[in-house]
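Colleague: Please read through the structure below; I'll follow up with questions.
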Amino acid sequence: MSPIRIALYDSTLRDGAQAEGVAFSLNDKLSATARLDELGVDYVEGGYPASNEKDKAYFEQIAKRPRKTTQICAFGMTRRKGVVASKDAGLAQLVQSGAPVLTIVGKASLFQAREILCVSPEENLAMIEETIRYVAESGKRVFFDAEHFFDGWKYDSAYALETLRVAVCAGAEAVVLCDTNGGSMPDEVAEGTRQALAAVRTVLSSSADMPGIRAEGEKAALPDNVVVGIHAHNDCGLAVANTLAAVDAGATMAQGTMNGLGERCGNADLLVVAANLALKKGGRYEVLKPGSIERLTAASRFFYDLTNVNPFFGQPFVGKSAFTHKGGMHVSGINRNSFSYEHIAPEAVGNERRVLVSELSGKSNILACAKKYRLEEDGSLDAETIKKILDVITSKENQGYQYEAADGSFKLLVKKIKGEFHPSFQRINYQTSVVVNVINESYTTNATVATVKLSVGKRGEIRHEVAEGDGPVDALNNALRKALQPIYPELEEMKLVDYKVRVLNSDAATAATTRVIIESSDGEEHWGTVGVSENVVEASWIALCDSIEYKLSKTFGDRN
């Protein structure tokens with residue numbers, strides 16, 4: 001039996017933009033659309049052209065750009081109450097947007113019609129019918145977003161289902177069942193979807209008149225088939241589960257957003273939906289285009305960068321921690337067989353396995369990390385050495401060190417314990433000073449200066465340099481480089497790309513211990529280093545020195 005094609009409809013650029021702290025520029029929206037097209041997403045909802053100039057410009061620009069897979073949809077509402085559809089300014093802008101597919105949202109709840117729109121049940125049905133008919137007769141494909149469908153179905157199922165029948169008779173190619181408040185349970189969604197499918201099939205198969213909607217002679221205008229879709233919000237943490245329940249009940253369109261962005265608690269995460277449908281349903285469903293599932297992790301990270309939202313490490317399938325193992329028993333298991341603690345291979349979604357080292361680690365963690373970093377190729381990691389590494393890590397983490405994001409420091413630590421590390425330089429002393437010039441009560445200027453004195457290389461050449469910077473850490477970094485780059489010009493390739501400070505015991509106030517993690521890159525590799533001290537400058541110095549030592553050790557090995 002051939003797999004059932006599930007169309008994926010992405011609403012990141014409209015629904016996702018309603019998330020707190022998220023705003024898309026025009027270029028962002030165009031770049032996002034190109035990425036979604038590469039992935040093979042079937043429909044992209046580009047925005048609401050009647051609401052702002054940026055969305056209008058998006059539809060003008062996107063129409064000029066070729067796409068391989070994606071159909072562009074514009075979002076709009078039913079006509080206003082008491083207004084003829086052809087005279088509604090918002091609908092006119094929607095039709096003129098240039099989008100081939102128009103998604104019309106209307107109330108599928110009797111409660112919402114009466115209490116929120118303040119219209120009669122009949123007027124709400126007329127607003128749906130007249131709007132969809134007007135848009136369809138303009139030559140556009142029409143989808144109907146049945147807003148509040150599941151709440152409306154629980155309140156008055158007959159009326160909620162009637163809104164779907166009205167939309168289909170008016171020319172909608174798809175009716176999308178919306179769990180707008182995100183409060184429905186998977187069993188409710190499954191049953192509501194089954195009843196919606198039955199209602200749509202009744203319309204398509206019936207030859208009887210539907211008074212007030214379509215005359216029998218116009219029956220030929222009905223589409224041969226109508227897609228039933230699902231649009232779930234995540235207010236109960238069930239958006240993905242509800243989406244899968246609807247698909248298993250017969251829905252063939254799944255709506256959502258990249259990384260689950262959206263108002264309040266967000267929408268169904270379309271990446272997680274796609275992975276589940278493709279990998280966890282026994283081959284029953286087909287999504288995206290061939291090869292795209294292996295690119296889901298890259299797509300997730302692209303959208304985190306685009307939206308400037310911090311990644312959720314625990315995100316299923318695509319999160320940084322999705323295939324990360326810390327407990328010694330777990331690592332021992334995956335070393336024997338990865339499926340002991342992983343439900344799929346991380347490569348299936350473009351992710352990777354990570355093994356962490358901490359006070360919870362066992363020998364398996366150390367061995368796994370050593371293999372990953374090629375620290376055991378000479379056979380020097382015997383049981384005694386592994387025990388020493390574990391003891392040192394336990395002691396260091398008790399002081400506040402953490403190696404999960406500091407692979408560079410971990411590698412240096414192992415080399416030191418094995419007796420393979422030879423420092424490229426040794427500090428003699430360093431000093432930082434900040435001079436603040438008070439111009440007036442509201443304006444000051446400051447200059448930060450750092451002085452470092454080092455013994456460099458095997459010959460112990462003394463280097464004494466001073467440099468300015470934007471704050472003491474930047475000044476220290478500049479002074480270190482000024483002292484070392486004449487001898488090690490390779491350091492010019494290296495850049496600090498991130499700097500994080502964590503207060504470990506905030507109850508100690510200004511005497512609190514701080515952990516500094518620095519991320520560095522030389523264009524070929526990224527690595528993290530860590531420093532801990534009650535003095536944030538000293539913690540930064542330790543991490544800075546490790547970052548430079550790691551670069552030099554991987555460049556020169558043991559020759560320094």
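The chains in the structure tokens are called A, B, ... from first to last as shown; in each chain the residues are counted from 1, and the ligands are counted from 1 in the order shown.
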Residues within 6 Å of range 523-530 of chain A, please, as a count of residues only. Count only C-alpha atoms; anything in the same chain fewer than 3 positions from it doesn't count.

Modeller: 12

Colleague: Give the alpha helix (DSSP H) residues of range 106-145 of chain A, as DSSP finds them on the backbone, and put them as a list of chain:residue names.

Modeller: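 Those residues are A:Leu110, A:Phe111, A:Gln112, A:Pro121, A:Glu122, A:Glu123, A:Asn124, A:Leu125, A:Ala126, A:Met127, A:Ile128, A:Glu129, A:Glu130, A:Thr131, A:Ile132, A:Arg133, A:Tyr134, A:Val135, A:Ala136, A:Glu137.
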
Colleague: Go ahead and save the residues from that selection, with C-alpha atoms, as a compact mmCIF listing (two decimals), in the first residue's frame.

Modeller:
# COMPACT_ATOMS: atom_id res chain seq x y z
CA LEU A 110 -21.63 29.18 17.89
CA PHE A 111 -20.34 30.65 21.14
CA GLN A 112 -17.70 32.71 19.33
CA PRO A 121 -25.75 32.04 13.75
CA GLU A 122 -27.17 32.63 10.28
CA GLU A 123 -25.12 35.76 9.67
CA ASN A 124 -21.91 33.97 10.65
CA LEU A 125 -22.66 31.19 8.14
CA ALA A 126 -23.42 33.80 5.48
CA MET A 127 -20.11 35.57 6.19
CA ILE A 128 -18.25 32.29 5.65
CA GLU A 129 -20.19 31.29 2.54
CA GLU A 130 -20.15 34.66 0.77
CA THR A 131 -16.46 35.28 1.47
CA ILE A 132 -15.30 31.90 0.20
CA ARG A 133 -17.55 32.06 -2.85
CA TYR A 134 -16.30 35.56 -3.71
CA VAL A 135 -12.65 34.52 -3.38
CA ALA A 136 -13.16 31.27 -5.32
CA GLU A 137 -14.93 33.07 -8.13

Colleague: Report as a list in words all protein, DNA and RNA residues lying within 10 Å of Gln255 in chain A, evaluated on only C-alpha atoms, omitting residues in the same chain fewer than 3 positions from it.

Modeller: Ala7, Leu8, Tyr9, Asp10, Ser11, Thr12, Tyr43, Val44, Glu45, Val176, Leu177, Cys178, Gly229, Ile230, His231, Ala232, His233, Thr243, Asn267, Ala268, Asp269, Leu270 and Val273 of chain A

Colleague: So which residues touch range 187-204 of chain A within 6 Å, counting only C-alpha atoms, skipping near sequence neighbours fewer than 5 positions away, as an mmCIF file with C-alpha atoms, in the first residue's frame?

Modeller:
data_model
loop_
_atom_site.group_PDB
_atom_site.id
_atom_site.type_symbol
_atom_site.label_atom_id
_atom_site.label_comp_id
_atom_site.auth_asym_id
_atom_site.auth_seq_id
_atom_site.Cartn_x
_atom_site.Cartn_y
_atom_site.Cartn_z
ATOM 1 C CA ALA A 245 -4.123 12.170 16.358
ATOM 2 C CA ALA A 246 -5.900 14.154 13.642
ATOM 3 C CA ALA A 249 -8.072 9.956 12.112
#

Colleague: Quick one, how far is CA of Phe556 in chain A from CA of Ala479 in chain A?

Modeller: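 Separation of CA of Phe556 in chain A and CA of Ala479 in chain A: 22.0 Å.
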
Colleague: With a distance cut-off of 10 Å and only C-alpha atoms, select the neighbouring residues of Leu454 in chain A, excluding the residue or stretch itself and same-chain residues fewer than 4 positions from it, and output the selection as a ChimeraX atom specification.

Modeller: /A:425-430,460-465,480,483-484

Colleague: May I have the selected residues written with C-alpha atoms, as a short mmCIF file (atom, residue, chain, number, x, y, z; two decimals), in the first residue's frame?

Modeller:
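Below is the file part-v4.cif, written as the result:
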data_model
loop_
_atom_site.label_atom_id
_atom_site.label_comp_id
_atom_site.auth_asym_id
_atom_site.auth_seq_id
_atom_site.Cartn_x
_atom_site.Cartn_y
_atom_site.Cartn_z
CA PHE A 425 53.29 29.99 27.67
CA GLN A 426 53.18 30.59 31.41
CA ARG A 427 51.79 33.67 33.07
CA ILE A 428 54.02 35.68 35.36
CA ASN A 429 51.42 38.30 36.19
CA TYR A 430 48.58 40.32 34.73
CA GLY A 460 61.06 31.11 28.28
CA GLU A 461 61.14 34.35 26.32
CA ILE A 462 59.64 37.12 28.45
CA ARG A 463 56.85 39.06 26.78
CA HIS A 464 55.45 42.13 28.55
CA GLU A 465 52.60 43.89 26.74
CA LEU A 480 47.48 38.19 25.36
CA ALA A 483 52.23 39.17 23.46
CA LEU A 484 51.80 35.84 21.69
#

Colleague: From the list A:Thr70, A:Ser31, A:Thr252, A:Asn535, which residue is nearest Ile4 in chain A when using only C-alpha atoms?

Modeller: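 Ranked by minimum distance to Ile4 in chain A, first place goes to A:Thr252.
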
Colleague: Got a sec: who's within 9 Å of Glu490 in chain A, counting only C-alpha atoms, leaving out chain neighbours fewer than 6 positions off, as a PyMOL selection string?

Modeller: chain A and resi 551-552+555
